[in-house]
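So this block is target03.txt, compact mmCIF, C-alpha atoms and all ligand atoms:
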# COMPACT_ATOMS: atom_id res chain seq x y z
CA MET A 648 -15.15 14.91 -12.00
CA LYS A 649 -16.74 11.61 -10.94
CA CYS A 650 -14.54 8.58 -11.32
CA VAL A 651 -14.85 4.88 -10.43
CA GLY A 652 -11.54 3.29 -9.39
CA VAL A 653 -10.85 -0.44 -9.28
CA GLU A 654 -8.10 -1.98 -7.13
CA SER A 655 -7.14 -5.66 -7.36
CA THR A 656 -3.34 -5.99 -7.06
CA ALA A 657 -3.26 -8.59 -4.27
CA HIS A 658 -5.55 -9.62 -1.38
CA THR A 659 -8.07 -6.84 -1.73
CA PHE A 660 -10.70 -6.29 -4.37
CA SER A 661 -11.98 -2.77 -3.94
CA VAL A 662 -14.00 -0.15 -5.76
CA GLY A 663 -13.93 3.53 -4.86
CA VAL A 664 -16.03 6.35 -6.22
CA VAL A 665 -14.64 9.89 -6.03
CA ASP A 666 -15.46 13.37 -7.19
CA GLY A 667 -12.04 14.87 -7.90
CA ASP A 668 -10.10 14.56 -4.62
CA ARG A 669 -13.28 13.94 -2.62
CA VAL A 670 -13.91 10.32 -1.65
CA LEU A 671 -17.61 9.41 -2.01
CA SER A 672 -17.42 5.69 -1.24
CA ILE A 673 -15.13 2.70 -0.78
CA GLU A 674 -16.31 -0.91 -0.79
CA SER A 675 -13.90 -3.82 -0.52
CA SER A 676 -13.69 -7.55 -0.13
CA MET A 677 -10.51 -9.22 1.12
CA TYR A 678 -9.30 -12.68 0.15
CA VAL A 679 -8.05 -14.56 3.20
CA PRO A 680 -6.01 -17.68 2.37
CA SER A 681 -7.38 -20.83 4.02
CA GLU A 682 -3.80 -21.77 4.90
CA GLY A 683 -0.34 -20.50 4.02
CA GLY A 684 0.30 -17.38 1.99
CA ILE A 685 -1.61 -15.81 -0.88
CA HIS A 686 -2.42 -18.14 -3.76
CA PRO A 687 -2.74 -15.92 -6.87
CA ARG A 688 -5.35 -18.06 -8.67
CA GLU A 689 -7.50 -18.47 -5.59
CA ALA A 690 -7.28 -14.73 -4.88
CA ALA A 691 -8.26 -13.98 -8.49
CA ASP A 692 -11.25 -16.34 -8.22
CA HIS A 693 -12.29 -14.56 -5.04
CA HIS A 694 -12.04 -11.19 -6.80
CA ALA A 695 -14.06 -12.41 -9.79
CA ARG A 696 -16.81 -13.72 -7.48
CA GLU A 697 -16.94 -10.51 -5.45
CA ALA A 698 -16.45 -7.93 -8.20
CA ARG A 699 -20.03 -7.25 -9.16
CA GLY A 700 -21.34 -7.02 -5.60
CA VAL A 701 -18.51 -4.71 -4.51
CA LEU A 702 -19.08 -2.44 -7.52
CA ASP A 703 -22.83 -2.21 -6.93
CA ARG A 704 -22.35 -1.42 -3.23
CA ALA A 705 -19.76 1.27 -4.03
CA MET A 706 -22.06 2.93 -6.57
CA SER A 707 -25.07 2.91 -4.31
CA SER A 708 -23.27 4.13 -1.19
CA ALA A 709 -21.72 6.95 -3.25
CA GLY A 710 -25.20 7.94 -4.41
CA VAL A 711 -23.90 8.17 -7.95
CA GLY A 712 -25.75 6.88 -11.02
CA TRP A 713 -24.04 5.26 -13.99
CA GLU A 714 -24.89 8.30 -16.10
CA ASP A 715 -22.80 10.49 -13.73
CA VAL A 716 -19.58 8.51 -14.18
CA GLU A 717 -17.07 10.41 -16.30
CA LEU A 718 -13.95 8.28 -15.94
CA VAL A 719 -12.88 4.74 -15.04
CA ALA A 720 -9.48 4.10 -13.42
CA PHE A 721 -7.86 0.79 -12.54
CA SER A 722 -4.76 -0.49 -10.84
CA GLN A 723 -2.51 -1.58 -13.73
CA GLY A 724 0.34 -2.89 -11.54
CA PRO A 725 2.55 -3.84 -9.83
CA GLY A 726 0.88 -6.95 -8.45
CA LEU A 727 -0.16 -10.51 -9.10
CA GLY A 728 -1.11 -11.10 -12.74
CA PRO A 729 -4.30 -13.14 -12.21
CA CYS A 730 -5.59 -10.65 -9.61
CA LEU A 731 -4.74 -7.59 -11.69
CA ARG A 732 -6.52 -9.07 -14.71
CA VAL A 733 -9.84 -9.30 -12.86
CA GLY A 734 -9.82 -5.58 -12.07
CA ALA A 735 -8.54 -4.59 -15.51
CA THR A 736 -11.22 -6.64 -17.27
CA MET A 737 -13.98 -5.07 -15.21
CA ALA A 738 -12.59 -1.57 -15.79
CA ARG A 739 -12.30 -2.07 -19.56
CA ALA A 740 -15.88 -3.36 -19.72
CA MET A 741 -17.19 -0.41 -17.70
CA SER A 742 -15.29 2.13 -19.77
CA ALA A 743 -16.56 0.62 -23.03
CA SER A 744 -20.17 0.22 -21.97
CA LEU A 745 -20.39 3.71 -20.42
CA GLY A 746 -18.43 5.30 -23.26
CA VAL A 747 -16.02 7.06 -20.85
CA PRO A 748 -12.19 7.14 -20.89
CA LEU A 749 -10.00 4.62 -19.11
CA VAL A 750 -6.85 5.39 -17.09
CA GLY A 751 -4.37 2.75 -15.89
CA VAL A 752 -2.80 3.72 -12.56
CA ASN A 753 0.42 2.65 -10.84
CA HIS A 754 -0.61 1.25 -7.46
CA CYS A 755 2.39 2.62 -5.51
CA VAL A 756 1.94 6.11 -6.96
CA ALA A 757 -1.73 5.96 -5.91
CA HIS A 758 -0.75 5.50 -2.24
CA LEU A 759 1.09 8.81 -2.47
CA GLU A 760 -1.62 10.67 -4.38
CA ILE A 761 -4.40 9.72 -1.98
CA GLY A 762 -2.23 10.86 0.92
CA THR A 763 -1.75 14.30 -0.58
CA ALA A 764 -5.47 14.45 -1.43
CA VAL A 765 -6.65 13.90 2.14
CA THR A 766 -3.93 14.96 4.60
CA GLY A 767 -2.69 18.36 3.47
CA ALA A 768 0.79 17.03 2.67
CA THR A 769 2.01 18.67 -0.53
CA ASP A 770 5.44 17.30 -1.43
CA PRO A 771 6.16 14.45 0.97
CA VAL A 772 8.53 11.56 1.22
CA LEU A 773 6.17 8.56 1.22
CA LEU A 774 6.96 5.63 3.48
CA TYR A 775 4.91 2.90 1.83
CA ALA A 776 4.82 -0.16 4.07
CA SER A 777 2.37 -2.88 3.15
CA GLY A 778 2.23 -6.65 2.83
CA GLY A 779 3.84 -6.96 -0.56
CA ASN A 780 5.63 -3.62 -0.81
CA THR A 781 8.11 -1.60 1.21
CA GLN A 782 9.41 1.53 -0.49
CA VAL A 783 10.49 5.07 0.28
CA ILE A 784 9.28 7.28 -2.57
CA ALA A 785 9.56 10.99 -3.35
CA PHE A 786 9.02 13.30 -6.29
CA SER A 787 12.18 14.41 -8.04
CA ASN A 788 12.79 15.54 -11.63
CA GLY A 789 9.37 14.73 -13.07
CA ARG A 790 9.01 11.30 -11.52
CA TYR A 791 8.40 9.55 -8.24
CA ARG A 792 11.79 8.05 -7.45
CA VAL A 793 12.30 5.06 -5.21
CA PHE A 794 14.95 6.16 -2.71
CA GLY A 795 15.00 2.91 -0.82
CA GLU A 796 13.13 -0.37 -0.79
CA THR A 797 13.11 -3.91 0.50
CA LEU A 798 15.64 -6.23 -1.05
CA ASP A 799 13.55 -9.31 -0.25
CA ILE A 800 10.00 -9.44 1.14
CA GLY A 801 7.59 -6.67 2.11
CA ILE A 802 7.50 -5.85 5.82
CA GLY A 803 3.85 -6.89 6.19
CA ASN A 804 4.63 -10.16 4.51
CA MET A 805 7.33 -10.78 7.11
CA LEU A 806 4.97 -9.92 9.99
CA ASP A 807 2.29 -12.20 8.54
CA LYS A 808 4.76 -15.08 8.06
CA PHE A 809 6.05 -14.79 11.61
CA ALA A 810 2.49 -14.65 12.91
CA ARG A 811 1.49 -17.67 10.88
CA GLU A 812 4.34 -19.71 12.37
CA MET A 813 2.98 -18.71 15.77
CA GLY A 814 -0.49 -19.93 14.85
CA ILE A 815 -1.92 -16.42 14.42
CA PRO A 816 -4.24 -16.13 11.40
CA PHE A 817 -3.78 -13.65 8.52
CA PRO A 818 -3.36 -10.70 8.77
CA GLY A 819 -0.87 -11.08 11.61
CA GLY A 820 0.39 -7.47 11.84
CA PRO A 821 -2.42 -6.10 14.02
CA ARG A 822 -2.18 -8.99 16.52
CA LEU A 823 1.62 -8.63 16.79
CA GLU A 824 1.08 -4.93 17.54
CA GLU A 825 -1.18 -5.86 20.48
CA LEU A 826 1.30 -8.44 21.76
CA ALA A 827 4.16 -5.94 21.50
CA ARG A 828 2.25 -3.48 23.65
CA ASP A 829 2.29 -5.93 26.56
CA THR A 830 6.02 -5.63 27.14
CA GLY A 831 8.81 -3.07 27.30
CA GLU A 832 11.48 -5.70 26.78
CA MET A 833 13.32 -6.54 23.61
CA VAL A 834 16.02 -8.84 22.31
CA SER A 835 18.50 -8.05 19.60
CA LEU A 836 17.67 -8.97 16.00
CA PRO A 837 19.80 -8.39 12.88
CA TYR A 838 19.34 -4.73 11.90
CA SER A 839 19.62 -4.82 8.13
CA VAL A 840 19.91 -1.56 6.28
CA LYS A 841 22.10 -1.74 3.19
CA GLY A 842 22.71 1.69 1.76
CA MET A 843 19.15 3.00 1.39
CA ASP A 844 17.60 -0.46 1.20
CA VAL A 845 16.25 -2.80 3.84
CA ALA A 846 15.83 -6.57 4.18
CA PHE A 847 13.51 -8.57 6.40
CA SER A 848 13.97 -12.27 5.81
CA GLY A 849 17.03 -12.53 8.09
CA ILE A 850 15.03 -10.95 10.89
CA LEU A 851 12.25 -13.48 10.37
CA THR A 852 14.68 -16.40 10.55
CA ALA A 853 16.35 -14.99 13.67
CA ALA A 854 13.01 -14.37 15.40
CA LEU A 855 11.80 -17.90 14.67
CA SER A 856 14.94 -19.41 16.10
CA LEU A 857 14.73 -17.24 19.24
CA ARG A 858 11.17 -18.47 19.71
CA GLU A 859 12.48 -22.03 19.72
CA LYS A 860 14.90 -20.97 22.43
CA GLY A 861 11.93 -19.87 24.53
CA ILE A 862 11.78 -16.08 24.09
CA SER A 863 8.18 -14.98 24.61
CA LEU A 864 5.89 -14.00 21.78
CA GLU A 865 5.37 -10.57 23.37
CA VAL A 866 9.09 -9.83 23.53
CA LEU A 867 9.64 -11.10 19.99
CA SER A 868 6.74 -9.05 18.62
CA ASN A 869 8.13 -5.96 20.30
CA SER A 870 11.66 -6.69 19.09
CA ILE A 871 10.53 -7.25 15.50
CA GLN A 872 8.57 -3.99 15.50
CA GLU A 873 11.30 -1.91 17.12
CA THR A 874 14.00 -3.26 14.80
CA CYS A 875 12.07 -3.15 11.53
CA PHE A 876 10.43 0.19 12.16
CA ALA A 877 13.76 1.77 13.15
CA MET A 878 15.15 0.56 9.82
CA LEU A 879 12.24 2.12 7.91
CA VAL A 880 12.47 5.39 9.80
CA GLU A 881 16.22 5.59 9.21
CA VAL A 882 15.84 5.19 5.46
CA ALA A 883 12.88 7.59 5.28
CA GLU A 884 14.82 10.19 7.25
CA ARG A 885 17.82 9.89 4.95
CA ALA A 886 15.52 10.36 1.93
CA MET A 887 14.13 13.52 3.56
CA ALA A 888 17.64 14.85 4.22
CA HIS A 889 18.74 14.02 0.69
CA THR A 890 15.75 15.61 -1.05
CA GLY A 891 15.33 18.49 1.39
CA LYS A 892 11.66 17.61 1.85
CA GLU A 893 9.93 18.57 5.08
CA GLU A 894 7.02 16.17 5.07
CA ILE A 895 6.75 12.44 5.64
CA LEU A 896 3.57 10.68 4.54
CA LEU A 897 2.61 7.13 5.51
CA GLY A 898 0.90 4.60 3.26
CA GLY A 899 0.19 0.85 3.20
CA GLY A 900 -1.47 -1.44 5.73
CA VAL A 901 1.54 -1.63 8.09
CA ALA A 902 1.36 2.15 8.46
CA ALA A 903 -1.81 1.57 10.50
CA ASN A 904 0.58 0.50 13.27
CA ARG A 905 0.56 3.07 16.11
CA ARG A 906 4.15 2.44 17.07
CA LEU A 907 5.35 3.04 13.51
CA GLN A 908 3.27 6.23 13.37
CA GLU A 909 4.75 7.38 16.67
CA MET A 910 8.34 6.72 15.55
CA CYS A 911 7.78 8.64 12.29
CA ASP A 912 6.20 11.48 14.20
CA ILE A 913 9.17 11.71 16.57
CA MET A 914 11.66 11.64 13.69
CA ALA A 915 9.76 14.37 11.84
CA GLY A 916 9.50 16.49 14.99
CA GLU A 917 13.24 16.29 15.58
CA ARG A 918 13.87 17.56 12.05
CA GLY A 919 11.31 20.35 12.22
CA ALA A 920 9.29 18.41 9.64
CA ARG A 921 5.69 17.15 9.65
CA CYS A 922 4.28 13.64 9.63
CA PHE A 923 0.97 12.86 7.87
CA VAL A 924 -1.12 9.71 8.30
CA PRO A 925 -4.24 9.12 6.19
CA PRO A 926 -7.20 7.37 7.85
CA ARG A 927 -6.90 3.58 7.98
CA ASN A 928 -9.39 2.89 5.16
CA LEU A 929 -7.16 4.94 2.84
CA LEU A 930 -3.87 3.47 4.11
CA VAL A 931 -4.80 -0.05 3.06
CA ASP A 932 -5.38 -0.95 -0.56
CA ASN A 933 -8.58 0.70 -1.77
CA GLY A 934 -10.31 1.74 -4.98
CA ALA A 935 -10.57 5.43 -4.01
CA MET A 936 -6.81 5.96 -4.22
CA ILE A 937 -6.89 4.58 -7.76
CA ALA A 938 -9.81 6.83 -8.68
CA VAL A 939 -8.23 9.99 -7.19
CA THR A 940 -4.99 9.30 -9.07
CA GLY A 941 -6.93 8.54 -12.27
CA VAL A 942 -8.65 11.92 -12.12
CA ARG A 943 -5.37 13.76 -11.54
CA MET A 944 -3.79 11.94 -14.49
CA TYR A 945 -6.77 12.44 -16.80
CA ARG A 946 -6.92 16.16 -16.04
CA ALA A 947 -3.28 16.37 -17.15
CA GLY A 948 -4.15 14.69 -20.44
CA VAL A 949 -3.39 11.03 -19.69
CA VAL A 950 -5.71 8.31 -21.03
CA THR A 951 -4.99 4.61 -21.49
CA PRO A 952 -6.15 3.28 -24.86
CA LEU A 953 -7.43 -0.28 -24.84
CA GLU A 954 -4.33 -1.63 -26.58
CA ASN A 955 -2.14 -0.27 -23.76
CA SER A 956 -4.38 -1.42 -20.94
CA GLY A 957 -2.66 -4.75 -20.32
CA VAL A 958 -1.66 -5.38 -16.71
CA ARG A 959 1.95 -4.80 -15.66
CA GLN A 960 3.00 -7.14 -12.88
CA ARG A 961 6.37 -5.41 -12.43
CA PHE A 962 5.22 -1.84 -13.05
CA ARG A 963 7.93 0.31 -11.43
CA THR A 964 7.08 3.49 -9.55
CA ASP A 965 9.69 5.49 -11.48
CA GLU A 966 8.41 4.38 -14.90
CA VAL A 967 5.46 6.76 -14.55
CA GLU A 968 5.89 10.20 -16.05
CA VAL A 969 4.27 12.42 -13.47
CA VAL A 970 2.79 15.01 -15.82
CA TRP A 971 0.05 16.10 -13.41
CA ARG A 972 2.31 17.90 -10.92
P1 LIG B 1 0.10 -4.28 -1.31
O1 LIG B 1 -0.41 -4.79 -2.62
O2 LIG B 1 0.06 -2.80 -1.24
O3 LIG B 1 1.42 -4.84 -0.93
P2 LIG B 1 -1.41 -5.74 0.76
O4 LIG B 1 -2.32 -6.73 0.14
O5 LIG B 1 -0.30 -6.23 1.54
O6 LIG B 1 -0.97 -4.71 -0.29
P3 LIG B 1 -2.42 -3.70 2.67
O7 LIG B 1 -3.87 -3.66 2.89
O8 LIG B 1 -1.77 -2.43 2.27
O9 LIG B 1 -2.31 -4.84 1.64
O10 LIG B 1 -1.65 -4.21 3.97
C1 LIG B 1 -1.89 -5.41 4.60
C2 LIG B 1 -0.71 -5.68 5.52
O11 LIG B 1 -0.71 -4.73 6.60
C3 LIG B 1 -0.71 -7.05 6.15
O12 LIG B 1 0.59 -7.57 6.02
C4 LIG B 1 -1.04 -6.77 7.62
O13 LIG B 1 -0.48 -7.69 8.52
C5 LIG B 1 -0.43 -5.39 7.80
N1 LIG B 1 -1.03 -4.64 8.91
C6 LIG B 1 -2.30 -4.21 9.04
N2 LIG B 1 -2.47 -3.59 10.22
C7 LIG B 1 -1.27 -3.60 10.86
C8 LIG B 1 -0.78 -3.12 12.10
N3 LIG B 1 -1.58 -2.50 12.96
N4 LIG B 1 0.51 -3.34 12.40
C9 LIG B 1 1.34 -3.97 11.54
N5 LIG B 1 0.93 -4.44 10.35
C10 LIG B 1 -0.34 -4.27 10.01
FE FE2 B 2 -0.82 -1.20 -1.59

For the file at hand, write its structure as structure tokens.
Amino acid sequence: MKCVGVESTAHTFSVGVVDGDRVLSIESSMYVPSEGGIHPREAADHHAREARGVLDRAMSSAGVGWEDVELVAFSQGPGLGPCLRVGATMARAMSASLGVPLVGVNHCVAHLEIGTAVTGATDPVLLYASGGNTQVIAFSNGRYRVFGETLDIGIGNMLDKFAREMGIPFPGGPRLEELARDTGEMVSLPYSVKGMDVAFSGILTAALSLREKGISLEVLSNSIQETCFAMLVEVAERAMAHTGKEEILLGGGVAANRRLQEMCDIMAGERGARCFVPPRNLLVDNGAMIAVTGVRMYRAGVVTPLENSGVRQRFRTDEVEVVWR
């Protein structure tokens, strides 16, 4: 079943074309703030400007004609309202003009579905670590439950903010990873796991003040990574123990980090479990994950009528009834 998926929750506007679980194309355009953090209106303007071009490129690189499209899926939330509305508007228009059904997809759930579509993981605990989101998610009793999450900002957001203070442009995560690789040294930062949840803003404050005291950028980058990733791995491991699941799956842009991948792999190995990492273009926000999830939902009987297709900025992972499993 050929489906066009539209993603526009935050920085990235992306369209993916899939045939069932098979990804045919992904085309994206990323909004990069001129200074400071993401500005929702500016990001939405960027998405609106880029939408048509991205869609056309995705269709032509998939080699799919409009007449072949059987379903349109879009990211309904969670995310920034103005950004979400651009994607939703385009998806509604496509669905109406092609006369094909529309499916609204939860963005966090889509990170898990694409992982199971491409890695061979079947029933994983998902460690979803991106700019705006940090959650540990697993299937239990008909829904994807959030076993742990950030109590303040997303981990990528923290990395980007630290980088920005150091004069490193967005996105800062990849550059901090390179800097961290240049040293084996680390300093102590506040390790903050509360129950199954994590928090990052205290670590950011502490790292910034250590920088003022002259600790090198390399050592701080390494310390931030080691501390934050250990927190994530701890919570993910506890979710695996609690649910009895033997797979960990990574999702989100921060999961492109080799050190995080390595730590998850070691943890899984020690438990006799397996660690799965999708390719980078499917870890970051992309339209194909929305399309793959849309197809799975539609095949289980889910459609989103126009009157229910409004965007949901605070769409919770566990609000979705997972009828397709
Ligand atoms: P979401 O809406 O899912 O929160 P997002 O807009 O933050 O999405 P993603 O594309 O999933 O988007 O992730 C981008 C984040 O990933 C940025 O914060 C970036 O710094 C971080 N990142 C990318 N590569 C790396 C890396 N190698 N190491 C650490 N962080 C990384
Ligand atoms: Fe995401």

Can you work out the spacing between CA of Arg811 in chain A and CA of Glu689 in chain A in Å, to one decimal?
18.8 Å

How many Å separate CA of Ile685 in chain A from CA of His658 in chain A?
7.4 Å

To check your reading of the model: which residues sit at most 10 Å from ligand FE2 2 (chain B) when counting all atoms listed in the file? Write the answer as a ChimeraX atom specification.
/A:654-659,725-726,754-758,775-781,898-901,929-933,936

Quick one: everything within 7 Å of Tyr791 in chain A, counting all atoms listed in the file, minus sequence neighbours fewer than 3 positions away in the same chain. Send it as number ranges by chain.
A: 784-787, 964-965

Do you know which residues are at most 9 Å from range 966-971 of chain A counting all atoms listed in the file, after dropping those on the same chain fewer than 4 positions away, and could you put them as a PyMOL selection string?
chain A and resi 753+756+786+789-792+943-949+962

Quick one: everything within 12 Å of Thr766 in chain A, counting only C-alpha atoms, minus sequence neighbours fewer than 6 positions away in the same chain. Send it as a list in words.
Asp668, Arg669, Leu759, Glu760, Glu894, Ile895, Leu896, Leu897, Gly898, Arg921, Cys922, Phe923, Val924, Pro925, Pro926, Leu929 and Leu930 of chain A

Please produce an output containing C-alpha atoms for each residue in the selection, written as a short mmCIF file (atom, residue, chain, number, x, y, z; two decimals), keeping the file's coordinate frame.
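Result file is selection.cif:
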data_model
loop_
_atom_site.label_atom_id
_atom_site.label_comp_id
_atom_site.auth_asym_id
_atom_site.auth_seq_id
_atom_site.Cartn_x
_atom_site.Cartn_y
_atom_site.Cartn_z
CA ASP A 668 -10.10 14.56 -4.62
CA ARG A 669 -13.28 13.94 -2.62
CA LEU A 759 1.09 8.81 -2.47
CA GLU A 760 -1.62 10.67 -4.38
CA GLU A 894 7.02 16.17 5.07
CA ILE A 895 6.75 12.44 5.64
CA LEU A 896 3.57 10.68 4.54
CA LEU A 897 2.61 7.13 5.51
CA GLY A 898 0.90 4.60 3.26
CA ARG A 921 5.69 17.15 9.65
CA CYS A 922 4.28 13.64 9.63
CA PHE A 923 0.97 12.86 7.87
CA VAL A 924 -1.12 9.71 8.30
CA PRO A 925 -4.24 9.12 6.19
CA PRO A 926 -7.20 7.37 7.85
CA LEU A 929 -7.16 4.94 2.84
CA LEU A 930 -3.87 3.47 4.11
#

Output as AutoDock Vina command-line options the centre and edge lengths (Å, one decimal) of the box along x, y and z of the file that holds every listed atom of ligand LIG 1 (chain B) after adding 5 Å on each side.
--center_x -1.2 --center_y -5.1 --center_z 5.2 --size_x 15.3 --size_y 15.3 --size_z 25.6

note - CA of Gly820 in chain A and atom C4 of ligand LIG 1 (chain B) are separated by 4.5 Å

Smallest atom-to-atom distance to Ala846 in chain A: which of A:Ala827, A:Ala902, A:Val880, A:Ile802, using all atoms listed in the file?
A:Ile802

Find the spatial neighbours of Gly934 in chain A, counting only C-alpha atoms, within a cut-off of 10 Å - ignore same-chain residues fewer than 2 positions away - and output them as a PyMOL selection string.
chain A and resi 651-655+659-665+670+672-675+705+720-722+757+929+931-932+936-939
